[in-house]
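Colleague: To be precise about what I am sending: the file is called input-v8.txt and holds compact mmCIF, C-alpha atoms.
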```
# COMPACT_ATOMS: atom_id res chain seq x y z
CA MET A 1 -1.38 9.86 113.10
CA SER A 2 -0.26 6.27 113.50
CA GLY A 3 -0.42 3.58 116.14
CA ARG A 4 -0.18 -0.10 116.82
CA ASP A 5 -1.76 -2.67 119.08
CA LEU A 6 1.48 -3.79 120.66
CA PHE A 7 3.47 -1.32 122.69
CA CYS A 8 0.29 0.38 123.79
CA GLN A 9 0.68 2.24 127.05
CA PRO A 10 -1.39 0.92 129.96
CA ARG A 11 -4.74 2.62 130.30
CA ARG A 12 -3.78 4.68 133.30
CA ILE A 13 -0.56 5.84 131.65
CA ARG A 14 -2.48 7.08 128.62
CA ARG A 15 -4.16 9.64 130.88
CA GLY A 16 -0.82 11.30 131.13
CA ALA A 17 1.94 10.90 128.66
CA ALA A 18 4.24 7.93 128.59
CA LEU A 19 6.01 5.04 130.12
CA THR A 20 7.46 6.06 133.43
CA LEU A 21 11.14 6.91 133.35
CA VAL A 22 12.51 4.26 135.69
CA PHE A 23 15.83 5.23 137.24
CA ALA A 24 18.59 3.12 138.73
CA SER A 25 18.93 -0.63 139.06
CA VAL A 26 17.21 -0.69 142.44
CA LEU A 27 14.05 0.74 140.87
CA VAL A 28 14.13 -1.68 137.97
CA ALA A 29 14.71 -4.62 140.32
CA GLY A 30 11.97 -3.44 142.64
CA ALA A 31 9.47 -3.18 139.83
CA ALA A 32 10.37 -6.62 138.51
CA ALA A 33 10.24 -8.35 141.86
CA GLY A 34 7.15 -6.60 143.14
CA SER A 35 9.05 -5.18 146.13
CA PHE A 36 9.07 -1.42 146.11
CA ASP A 37 11.88 -0.06 148.23
CA GLU A 38 11.85 3.58 149.21
CA PRO A 39 14.95 5.53 148.18
CA ASP A 40 17.71 5.70 150.78
CA LEU A 41 16.73 8.80 152.73
CA SER A 42 19.72 8.68 155.08
CA ASP A 43 22.35 9.91 152.62
CA ARG A 44 21.31 13.41 151.64
CA LYS A 45 23.30 16.45 150.66
CA SER A 46 22.83 19.51 152.79
CA GLY A 47 20.06 21.78 151.63
CA SER A 48 17.89 18.96 150.28
CA GLY A 49 15.64 18.66 153.31
CA THR A 50 12.76 20.67 151.87
CA ALA A 51 12.57 18.66 148.66
CA ARG A 52 12.95 15.40 150.56
CA SER A 53 10.29 16.18 153.15
CA ALA A 54 7.81 17.32 150.49
CA THR A 55 8.23 14.06 148.59
CA VAL A 56 8.01 11.95 151.74
CA ARG A 57 4.83 13.78 152.77
CA SER A 58 3.33 13.12 149.34
CA HIS A 59 4.08 9.39 149.59
CA GLU A 60 2.78 9.29 153.14
CA ASP A 61 -0.42 11.16 152.23
CA VAL A 62 -1.21 8.76 149.40
CA ALA A 63 -0.42 5.68 151.51
CA LYS A 64 -2.51 7.02 154.41
CA ALA A 65 -5.50 7.77 152.17
CA ALA A 66 -5.40 4.27 150.66
CA ALA A 67 -5.06 2.56 154.06
CA GLU A 68 -7.95 4.55 155.55
CA ALA A 69 -10.17 3.74 152.59
CA LYS A 70 -9.34 0.05 152.95
CA ALA A 71 -10.20 0.14 156.65
CA ASP A 72 -13.53 1.82 155.87
CA GLY A 73 -14.42 -0.75 153.23
CA LYS A 74 -13.89 1.71 150.38
CA SER A 75 -11.66 1.60 147.33
CA PRO A 76 -7.99 2.16 148.15
CA MET A 77 -7.36 2.88 144.47
CA GLU A 78 -9.93 5.66 144.24
CA ALA A 79 -8.66 7.19 147.47
CA ALA A 80 -5.07 7.07 146.24
CA GLU A 81 -6.08 8.67 142.94
CA ARG A 82 -7.74 11.54 144.80
CA ALA A 83 -4.65 12.00 146.97
CA VAL A 84 -2.36 12.06 143.93
CA SER A 85 -4.63 14.58 142.25
CA ARG A 86 -4.51 16.84 145.32
CA SER A 87 -0.71 16.57 145.45
CA GLY A 88 -0.35 18.40 142.14
CA ASP A 89 2.07 15.75 140.86
CA ARG A 90 1.81 16.11 137.09
CA TRP A 91 3.20 12.66 136.40
CA GLY A 92 1.87 10.82 139.44
CA ALA A 93 -0.23 7.78 138.59
CA VAL A 94 -2.09 5.00 140.37
CA TYR A 95 -2.47 1.50 138.95
CA SER A 96 -4.51 -1.53 139.83
CA GLN A 97 -2.55 -4.74 140.24
CA GLY A 98 -3.53 -5.89 136.75
CA GLU A 99 -2.64 -2.58 135.17
CA TYR A 100 0.79 -2.53 136.77
CA GLU A 101 1.41 -6.09 135.63
CA GLU A 102 0.52 -4.94 132.12
CA PHE A 103 2.97 -2.07 132.51
CA GLU A 104 5.74 -4.45 133.57
CA GLU A 105 4.98 -6.71 130.61
CA ALA A 106 5.33 -3.70 128.31
CA LEU A 107 8.75 -2.92 129.79
CA ASP A 108 9.68 -6.56 129.24
CA GLY A 109 8.81 -6.13 125.55
CA GLN A 110 5.65 -8.24 125.77
CA TYR A 111 2.05 -7.44 124.88
CA THR A 112 -1.30 -9.07 124.26
CA GLY A 113 -2.81 -8.23 120.89
CA VAL A 114 -3.32 -9.36 117.30
CA GLY A 115 -0.17 -7.92 115.70
CA LEU A 116 -1.38 -4.94 113.68
CA TRP A 117 0.07 -1.49 113.12
CA ALA A 118 -2.42 1.07 111.85
CA ARG A 119 -2.79 4.74 110.97
CA ARG A 120 -5.67 7.08 110.37
CA GLU A 121 -5.82 8.62 106.92
CA ARG A 122 -6.98 12.18 106.28
CA ASP A 123 -10.45 10.95 105.35
CA GLY A 124 -10.71 9.13 108.70
CA ARG A 125 -10.13 5.65 107.36
CA ILE A 126 -8.00 3.28 109.44
CA GLU A 127 -5.33 1.62 107.30
CA VAL A 128 -3.16 -1.33 108.29
CA THR A 129 0.47 -0.24 107.88
CA LYS A 130 2.22 -3.41 109.08
CA VAL A 131 1.35 -6.94 110.14
CA GLN A 132 3.72 -8.63 112.59
CA SER A 133 5.14 -11.88 111.30
CA GLY A 134 3.75 -14.91 113.11
CA SER A 135 0.91 -12.94 114.72
CA PRO A 136 -2.80 -13.86 114.73
CA ALA A 137 -3.45 -11.13 112.14
CA ALA A 138 -0.78 -12.57 109.85
CA ALA A 139 -2.23 -16.07 110.21
CA ALA A 140 -5.65 -14.70 109.26
CA GLY A 141 -4.26 -13.25 106.02
CA VAL A 142 -4.45 -9.56 106.94
CA HIS A 143 -2.12 -7.52 104.73
CA LYS A 144 -0.46 -4.13 104.81
CA GLY A 145 -2.76 -1.67 103.05
CA ASP A 146 -5.98 -3.36 104.15
CA ARG A 147 -8.62 -1.07 105.60
CA LEU A 148 -9.82 -1.82 109.12
CA ARG A 149 -13.50 -0.89 109.23
CA THR A 150 -14.79 -2.42 112.46
CA VAL A 151 -13.57 -4.09 115.64
CA ASP A 152 -16.16 -6.37 117.26
CA GLY A 153 -18.81 -4.61 115.23
CA GLU A 154 -17.83 -1.10 116.26
CA ASN A 155 -17.11 1.27 113.38
CA VAL A 156 -13.61 2.66 113.79
CA ASP A 157 -13.64 5.21 110.96
CA GLY A 158 -12.58 8.59 112.30
CA GLN A 159 -11.56 7.27 115.72
CA PRO A 160 -8.17 8.16 117.19
CA VAL A 161 -5.69 5.36 116.57
CA THR A 162 -5.16 5.04 120.32
CA GLU A 163 -8.83 4.11 120.71
CA VAL A 164 -8.63 1.62 117.85
CA VAL A 165 -5.58 0.08 119.53
CA SER A 166 -7.53 -0.16 122.78
CA LEU A 167 -10.34 -2.01 121.01
CA LEU A 168 -7.91 -4.43 119.37
CA ARG A 169 -6.29 -5.20 122.70
CA GLY A 170 -9.62 -5.43 124.52
CA ASP A 171 -8.57 -2.96 127.20
CA ALA A 172 -12.13 -2.32 128.40
CA GLN A 173 -12.58 -6.03 129.17
CA ASP A 174 -9.02 -6.66 130.40
CA ALA A 175 -8.93 -9.18 127.57
CA ALA A 176 -6.36 -11.94 127.97
CA ALA A 177 -4.48 -14.00 125.41
CA GLY A 178 -6.88 -16.43 123.76
CA THR A 179 -9.88 -14.09 123.73
CA ALA A 180 -11.54 -13.56 120.37
CA VAL A 181 -11.88 -10.31 118.46
CA THR A 182 -13.65 -9.86 115.12
CA LEU A 183 -12.10 -7.54 112.55
CA GLY A 184 -14.10 -5.99 109.72
CA LEU A 185 -11.71 -5.55 106.79
CA GLU A 186 -11.69 -4.22 103.26
CA ARG A 187 -9.24 -4.73 100.38
CA GLY A 188 -10.19 -2.95 97.19
CA THR A 189 -13.80 -3.91 96.50
CA HIS A 190 -13.65 -6.98 98.74
CA ALA A 191 -15.05 -6.64 102.28
CA TRP A 192 -14.94 -9.45 104.82
CA SER A 193 -14.68 -10.31 108.51
CA GLU A 194 -12.03 -12.30 110.36
CA THR A 195 -12.27 -13.56 113.92
CA VAL A 196 -8.85 -13.97 115.50
CA ARG A 197 -7.65 -14.76 118.99
CA ARG A 198 -5.37 -12.40 120.82
CA ALA A 199 -1.94 -13.77 121.68
CA ARG A 200 1.10 -12.93 123.77
CA LEU A 201 3.57 -11.36 121.39
CA SER A 202 6.94 -9.66 121.56
CA THR A 203 7.44 -6.07 120.53
CA ASP A 204 9.76 -4.94 117.78
CA SER A 205 11.36 -2.21 119.87
CA VAL A 206 14.40 -1.88 117.57
CA THR A 207 14.35 -2.07 113.79
CA VAL A 208 17.38 -1.60 111.55
CA ARG A 209 17.37 -0.85 107.83
CA ARG A 210 19.93 0.22 105.27
CA LEU A 211 19.42 3.13 102.92
CA ALA A 212 21.23 3.82 99.69
CA GLY A 213 24.38 5.83 100.23
CA GLU A 214 25.75 3.88 103.21
CA VAL A 215 23.20 5.08 105.78
CA THR A 216 21.95 2.82 108.58
CA VAL A 217 18.64 3.78 110.22
CA ILE A 218 18.16 2.50 113.76
CA LYS A 219 14.57 3.00 114.90
CA ILE A 220 13.90 2.67 118.64
CA ALA A 221 10.21 2.49 119.49
CA ALA A 222 10.69 2.27 123.27
CA PHE A 223 13.37 1.38 125.79
CA THR A 224 12.22 -2.08 126.80
CA LYS A 225 14.57 -4.68 128.28
CA GLY A 226 17.41 -5.61 125.95
CA VAL A 227 17.06 -2.61 123.64
CA GLY A 228 20.41 -1.07 124.57
CA ASP A 229 22.34 -4.18 123.57
CA LEU A 230 20.37 -4.41 120.30
CA VAL A 231 21.43 -0.86 119.45
CA ARG A 232 25.07 -1.58 120.27
CA THR A 233 24.95 -4.70 118.10
CA ALA A 234 23.41 -2.74 115.21
CA VAL A 235 26.20 -0.18 115.40
CA ARG A 236 28.94 -2.82 115.55
CA GLN A 237 27.48 -4.72 112.59
CA ALA A 238 26.97 -1.68 110.37
CA PRO A 239 29.38 -1.33 107.42
CA ALA A 240 32.57 0.54 108.24
CA ASP A 241 31.61 3.44 105.97
CA SER A 242 28.03 3.70 107.27
CA ALA A 243 26.58 6.85 108.80
CA PHE A 244 23.66 6.58 111.23
CA ILE A 245 20.18 7.97 111.66
CA LEU A 246 18.90 7.25 115.17
CA ASP A 247 15.13 7.53 114.80
CA LEU A 248 13.54 8.36 118.17
CA ARG A 249 10.28 9.77 116.83
CA GLY A 250 7.30 8.61 118.85
CA ASN A 251 9.54 6.93 121.43
CA SER A 252 7.63 7.17 124.71
CA GLY A 253 10.57 6.24 126.95
CA GLY A 254 11.00 3.21 129.16
CA LEU A 255 13.93 1.88 131.16
CA VAL A 256 16.68 4.42 131.68
CA THR A 257 19.30 1.69 132.01
CA GLU A 258 18.54 0.69 128.43
CA ALA A 259 18.79 4.32 127.26
CA VAL A 260 22.21 4.62 128.91
CA THR A 261 23.35 1.42 127.20
CA ALA A 262 22.11 2.81 123.88
CA ALA A 263 24.09 6.00 124.54
CA SER A 264 27.14 3.81 125.12
CA ALA A 265 26.89 2.66 121.49
CA PHE A 266 27.85 6.17 120.36
CA LEU A 267 29.94 7.52 123.25
CA ASP A 268 33.29 6.54 124.68
CA GLY A 269 32.28 6.80 128.32
CA GLY A 270 31.43 10.08 130.01
CA LEU A 271 28.31 11.72 131.38
CA VAL A 272 24.85 10.89 130.01
CA ALA A 273 22.70 12.75 132.54
CA THR A 274 22.48 13.91 136.12
CA TYR A 275 19.38 13.47 138.23
CA ASP A 276 18.14 13.86 141.75
CA VAL A 277 16.06 11.69 144.01
CA ASP A 278 14.51 13.80 146.75
CA GLY A 279 17.30 16.33 146.30
CA GLN A 280 20.26 13.93 146.26
CA GLN A 281 22.35 14.45 143.12
CA ARG A 282 23.39 11.41 141.11
CA ALA A 283 24.91 10.78 137.69
CA LEU A 284 24.59 8.31 134.84
CA HIS A 285 27.62 7.47 132.70
CA ALA A 286 28.07 5.70 129.37
CA ALA A 287 30.34 2.68 129.11
CA ALA A 288 33.63 3.11 127.29
CA GLY A 289 34.24 1.88 123.77
CA GLY A 290 31.34 3.28 121.76
CA ASP A 291 31.59 4.47 118.15
CA THR A 292 32.61 8.14 118.13
CA THR A 293 33.76 8.54 114.51
CA ARG A 294 30.87 7.81 112.16
CA ALA A 295 28.38 10.59 111.48
CA LEU A 296 25.14 10.51 113.49
CA VAL A 297 21.80 12.32 113.23
CA ALA A 298 19.13 11.90 115.93
CA LEU A 299 15.63 12.29 114.51
CA VAL A 300 13.01 13.47 117.04
CA ASP A 301 9.50 14.89 117.28
CA GLY A 302 6.87 15.89 119.82
CA GLY A 303 6.35 12.22 120.67
CA THR A 304 9.97 11.76 121.76
CA MET A 305 9.69 11.52 125.51
CA SER A 306 11.34 10.70 128.80
CA ALA A 307 14.30 8.30 128.45
CA ALA A 308 14.40 9.07 124.71
CA GLU A 309 14.82 12.76 125.56
CA MET A 310 17.59 11.90 127.99
CA LEU A 311 19.46 10.03 125.23
CA THR A 312 18.88 12.87 122.76
CA GLY A 313 20.13 15.46 125.22
CA ALA A 314 23.29 13.46 125.94
CA LEU A 315 24.17 13.04 122.26
CA GLN A 316 23.45 16.71 121.56
CA ASP A 317 25.30 18.17 124.54
CA ARG A 318 28.30 15.90 124.02
CA GLY A 319 28.54 17.04 120.39
CA ARG A 320 28.04 13.50 119.16
CA ALA A 321 24.87 13.98 117.09
CA VAL A 322 23.05 16.63 115.13
CA VAL A 323 19.45 16.62 116.34
CA VAL A 324 16.88 17.03 113.56
CA GLY A 325 13.11 17.33 113.80
CA SER A 326 10.76 19.20 116.14
CA ARG A 327 10.88 20.01 119.86
CA THR A 328 10.52 16.93 122.02
CA PHE A 329 7.73 16.38 124.53
CA GLY A 330 9.37 17.57 127.75
CA LYS A 331 9.11 14.82 130.36
CA GLY A 332 12.20 14.82 132.53
CA SER A 333 10.93 13.57 135.87
CA VAL A 334 11.81 10.56 138.01
CA GLN A 335 9.06 8.36 139.46
CA MET A 336 9.29 5.94 142.39
CA PRO A 337 6.75 3.09 142.73
CA SER A 338 5.23 2.19 146.10
CA LYS A 339 2.83 -0.61 146.98
CA LEU A 340 -0.58 0.12 148.49
CA PRO A 341 -3.42 -2.14 149.75
CA ASP A 342 -5.14 -4.56 147.35
CA GLY A 343 -2.10 -4.71 145.09
CA VAL A 344 -2.51 -1.07 144.07
CA VAL A 345 0.70 0.71 143.01
CA ALA A 346 1.29 4.46 143.16
CA GLU A 347 4.09 6.09 141.20
CA LEU A 348 5.00 9.57 142.41
CA THR A 349 7.58 12.04 141.19
CA VAL A 350 10.71 12.17 143.35
CA GLY A 351 13.07 14.23 141.18
CA HIS A 352 14.15 15.44 137.75
CA TYR A 353 17.04 14.81 135.40
CA ARG A 354 19.26 17.20 133.43
CA THR A 355 21.39 16.86 130.33
CA PRO A 356 25.20 16.88 130.57
CA SER A 357 25.21 20.67 130.11
CA GLY A 358 22.75 21.06 132.98
CA HIS A 359 19.65 21.73 130.89
CA THR A 360 16.31 20.81 132.46
CA VAL A 361 14.07 18.80 130.15
CA ASP A 362 10.82 18.66 132.15
CA GLY A 363 8.28 21.05 130.66
CA ARG A 364 10.79 22.28 128.06
CA GLY A 365 11.86 19.38 125.92
CA ILE A 366 14.91 19.25 123.66
CA THR A 367 15.24 21.89 120.93
CA PRO A 368 16.59 20.37 117.69
CA ASP A 369 19.69 21.77 116.01
CA LEU A 370 17.68 21.81 112.79
CA ASP A 371 13.93 22.31 112.89
CA VAL A 372 12.22 20.00 110.39
CA THR A 373 8.44 19.87 110.08
CA ALA A 374 8.43 17.07 107.49
CA GLN A 375 7.03 13.75 108.65
CA GLY A 376 7.43 10.11 107.74
CA GLN A 377 9.98 9.25 105.09
CA ALA A 378 10.35 12.93 104.16
CA ALA A 379 11.92 13.56 107.58
CA VAL A 380 14.32 10.67 107.06
CA GLU A 381 15.32 12.18 103.71
CA ARG A 382 16.07 15.50 105.42
CA ALA A 383 18.18 13.65 107.95
CA GLU A 384 20.05 11.98 105.07
CA THR A 385 20.78 15.42 103.62
CA VAL A 386 22.23 16.55 106.93
CA LEU A 387 24.37 13.40 107.12
CA SER A 388 25.78 14.03 103.66
CA GLY A 389 27.29 17.26 104.93
CA LEU A 390 28.77 15.83 108.13
CA GLY A 391 31.32 13.24 107.06
CA ASP A 392 33.06 11.53 109.96
CA ALA A 393 32.23 12.87 113.39
CA SER A 394 35.92 13.04 114.16
```
So that I can check it, write out the structure of this file as structure tokens.

Modeller:
Amino acid sequence: MSGRDLFCQPRRIRRGAALTLVFASVLVAGAAAGSFDEPDLSDRKSGSGTARSATVRSHEDVAKAAAEAKADGKSPMEAAERAVSRSGDRWGAVYSQGEYEEFEEALDGQYTGVGLWARRERDGRIEVTKVQSGSPAAAAGVHKGDRLRTVDGENVDGQPVTEVVSLLRGDAQDAAAGTAVTLGLERGTHAWSETVRRARLSTDSVTVRRLAGEVTVIKIAAFTKGVGDLVRTAVRQAPADSAFILDLRGNSGGLVTEAVTAASAFLDGGLVATYDVDGQQRALHAAAGGDTTRALVALVDGGTMSAAEMLTGALQDRGRAVVVGSRTFGKGSVQMPSKLPDGVVAELTVGHYRTPSGHTVDGRGITPDLDVTAQGQAAVERAETVLSGLGDAS
């Protein structure tokens, strides 16, 4: 298991599964501006009234519960959480103002932390796997391969990496940039402590590396703002004889507009997905001009979620990529944010998306063309083997 203290999902999101799949420019704009418009309920196809009214009732019930709690001097957030729980919405979530701001920062590719990636070894030890250049951890001399023993005096051996990440970020204290955290470290026989100050850092949502044999690996950690253009640039700049591995393992989703732009790097227009908002059917299309000739393998696992599943499904259904790995997570729902008293934000499910062939992802996931249980670099090597047998996609 591996993790990092940067693109850590907000606390309330970690109760569920992933970054919300944010659909359509109006939703993205609404989230960024803090104005949460309801979907246009006046333009509905016939037969959608039941779905629409159920969603509207759910939104109304949550808003009513929060407003009544506020009037009674109680917590609107707790009341909204109870209402969401009663609604049966699997992906519904309620955020405080600070938590939603943290969520928006994550979608912007920003985070507050020290700049460490880490994983838990089989014996329970927490090992540093990467140190972000220019980060507080790098300035303190922390190196890849160091063992992280404690965070602010708390022993982290055996803890899930997500909990270690939470300690590094100071989630329990809503720690801001500039707050101090003390790391207990070990390198060989040398043990020492370093006190560093958390900082505002940018995520490395896209990494590109070249493998021997003219293979370009494009790793997308999450679909934060600007990721789609980074993927298109990586494809354009790759050598003419390069094949591609699109590594979506552990990708928890993000902004669907960025996923569509990433799809446009490998498709020459056409359908990426269909979705509904309260029963109204809509479609997402790739831009024209993408690379459709060089061989492509999409590498996925059980941590591939949401917008990453949408991209995988589009490339698979359109015959553009061979999907290698294990079944993806299975989150194919659309959430709409709405503002409640005290800055509280509720995100409730309003619909679901389907792949170009009409397959439903929610609760099912994407089944790979080739099931591969190998992990880490071994999975990449299997993907290379598949590429060697593909040649040009044309």

Colleague: Any idea what the distance is between CA of Gly365 in chain A and CA of Glu105 in chain A?

Modeller: 27.4 Å

Colleague: List the neighbours of Ala314 in chain A out to 12 Å using all atoms listed in the file; skip same-chain residues closer than 3 positions along the sequence, and give me the result as a PyMOL selection string.

Modeller: chain A and resi 259-260+262-264+266-267+269-274+284-286+298+307-311+317-323+353-359+361+366

Colleague: Report the distance between CA of Ala221 in chain A and CA of Tyr100 in chain A in Å, rounded to one decimal place.

Modeller: 20.3 Å

Colleague: Using only C-alpha atoms, which residues sit within 9 Å of range 246-249 of chain A once same-chain residues fewer than 3 positions away are excluded, as an MDAnalysis selection string?

Modeller: chainID A and resid 216:222 252 296:305 308:309 312 325 328 380

Colleague: Show me, as a PyMOL selection string, the residues that have an atom within 9 Å of range 233-237 of chain A when counting only C-alpha atoms, minus same-chain residues fewer than 2 positions from it.

Modeller: chain A and resi 208+216+218+228-231+239-240+244+265-266+290-291

Colleague: Take CA of Ala212 in chain A and CA of Val128 in chain A and report the distance between them in Å, one decimal.

Modeller: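 Interatomic distance, CA of Ala212 in chain A to CA of Val128 in chain A: 26.4 Å.
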
Colleague: Restricting the calculation to all atoms listed in the file: of A:Val206, A:Leu340, A:Ala176, A:Ala346, which residue gets closest to Arg232 in chain A?

Modeller: A:Val206

Colleague: Could you produce a table of the residues of range 123-204 of chain A lying within 12 Å of range 223-226 of chain A, with the nearest pair of atoms per residue and their separation in Å rounded to one decimal, using only C-alpha atoms, ordered by chain and increasing residue number, as a tab-separated table?

Modeller:
```
residue	atom	partner	partner_atom	distance
A:Ser202	CA	A:Thr224	CA	10.6
A:Thr203	CA	A:Thr224	CA	8.8
A:Asp204	CA	A:Thr224	CA	9.8
```

Colleague: For the residues selected in the previous step, produce a file with C-alpha atoms as an mmCIF file, in the frame of the given file.

Modeller:
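Saved the output as again05.cif:
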```
data_model
loop_
_atom_site.group_PDB
_atom_site.id
_atom_site.type_symbol
_atom_site.label_atom_id
_atom_site.label_comp_id
_atom_site.auth_asym_id
_atom_site.auth_seq_id
_atom_site.Cartn_x
_atom_site.Cartn_y
_atom_site.Cartn_z
ATOM 1 C CA SER A 202 6.940 -9.660 121.560
ATOM 2 C CA THR A 203 7.440 -6.070 120.530
ATOM 3 C CA ASP A 204 9.760 -4.940 117.780
#
```

Colleague: Choose the residue, out of A:Ala287, A:Gly279, A:Thr367, A:Val256, that has the smallest atom-to-atom separation from Gly313 in chain A; count all atoms listed in the file.

Modeller: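 Among A:Ala287, A:Gly279, A:Thr367, A:Val256, it is A:Thr367 that comes nearest to Gly313 in chain A.
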
Colleague: Please identify all polymer residues within 9 Å of range 68-73 of chain A, counting only C-alpha atoms, omitting same-chain residues fewer than 5 positions from it, and present them as a list of chain:residue names.

Modeller: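 Selected residues are A:Ala63, A:Glu78, A:Ala79, A:Ala80, A:Pro341, A:Asp342.
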
Colleague: Taking all atoms listed in the file into account, which of A:Leu348, A:Ala378, A:Ala243, A:Thr373 comes nearest Glu81 in chain A?

Modeller: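 Smallest distance to Glu81 in chain A is found for A:Leu348.
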
Colleague: Is there a way to get, as a PyMOL selection string, all residues within 8 Å of the point (-0.6, 6.8, 147.8) in file coordinates, counting all atoms listed in the file?

Modeller: chain A and resi 58-66+80-81+83-84+94+338+340+345-346
